[in-house]
Amino acid sequence: MSPNPADFDPKAVVRMIEQSQLPPSSIRRNIRLAAHLSLREMANALGVSPMTLLRWESGDATPRRAAAVRYRTMLDSLAKVTL
C-alpha cells in the first residue's frame with residue numbers, strides 16, 4: 001500500500017528529523033557521566049547493548065532514527081537535571 005500524498009505532513013517530518021539530531025559524541029558521554037550513570041545503566045534504559053552505546057558515544061556509529069530520538073530525549077532530560 002503506497003502512502004497517501006494528502007497524509008504527508010512536512011512539519012511532522014521536520015520535527016522527527018530535529019528530534020533525532022544528536023550533540024557531538026564527547027558531549028553525549030559528558031551528559032551521561034554528569035548524571036552518574038554507567039554505560040550499562042544508560043544502555044539498559046535505551047534498550048541497547050553497552051557496546052552499542054559506547055560506539056555512539058565515541059562517534060564510531062550513529063543510531064538509526066528511532067533509537068536516535070530515544071537517545072536524544074534521554075540526553076536532553078539528563079542535561080536539564082545535571083548540567
# chains A, B, ... in the order shown; residues from 1 in each chain; ligands from 1

$ residues_around --residues "Leu53 (chain A)" --least-positions-apart "3" --cutoff "12 Å" --atoms "only C-alpha atoms" --output "PyMOL selection string"
chain A and resi 25+28-29+32+38-50+56-63+67-68+71

$ residues_around --residues "Asp76 (chain A)" --least-positions-apart "6" --cutoff "12 Å" --atoms "only C-alpha atoms" --output "list in words"
Gln19, Ser20, Gln21, Leu22, Pro23, Ile27, Arg28, Ile31, Arg32, Ala35, Ala68, Val69, Arg70, Thr82 and Leu83 of chain A

$ atom_distance --atom1 "CA of Phe8 (chain A)" --atom2 "CA of Met74 (chain A)"
27.9 Å

$ atom_distance --atom1 "CA of Pro24 (chain A)" --atom2 "CA of Ala12 (chain A)"
24.1 Å

$ atom_distance --atom1 "CA of Ile17 (chain A)" --atom2 "CA of Ser77 (chain A)"
18.2 Å

$ closest_residue --among "A:Ser26, A:Met16, A:Asp7, A:Leu37" --to "Thr73 (chain A)" --atoms "only C-alpha atoms"
A:Met16

$ select_by_dssp --residues "chain A" --states "alpha helix (DSSP H)" --output "PyMOL selection string"
chain A and resi 10-19+25-34+39-46+50-58+65-82
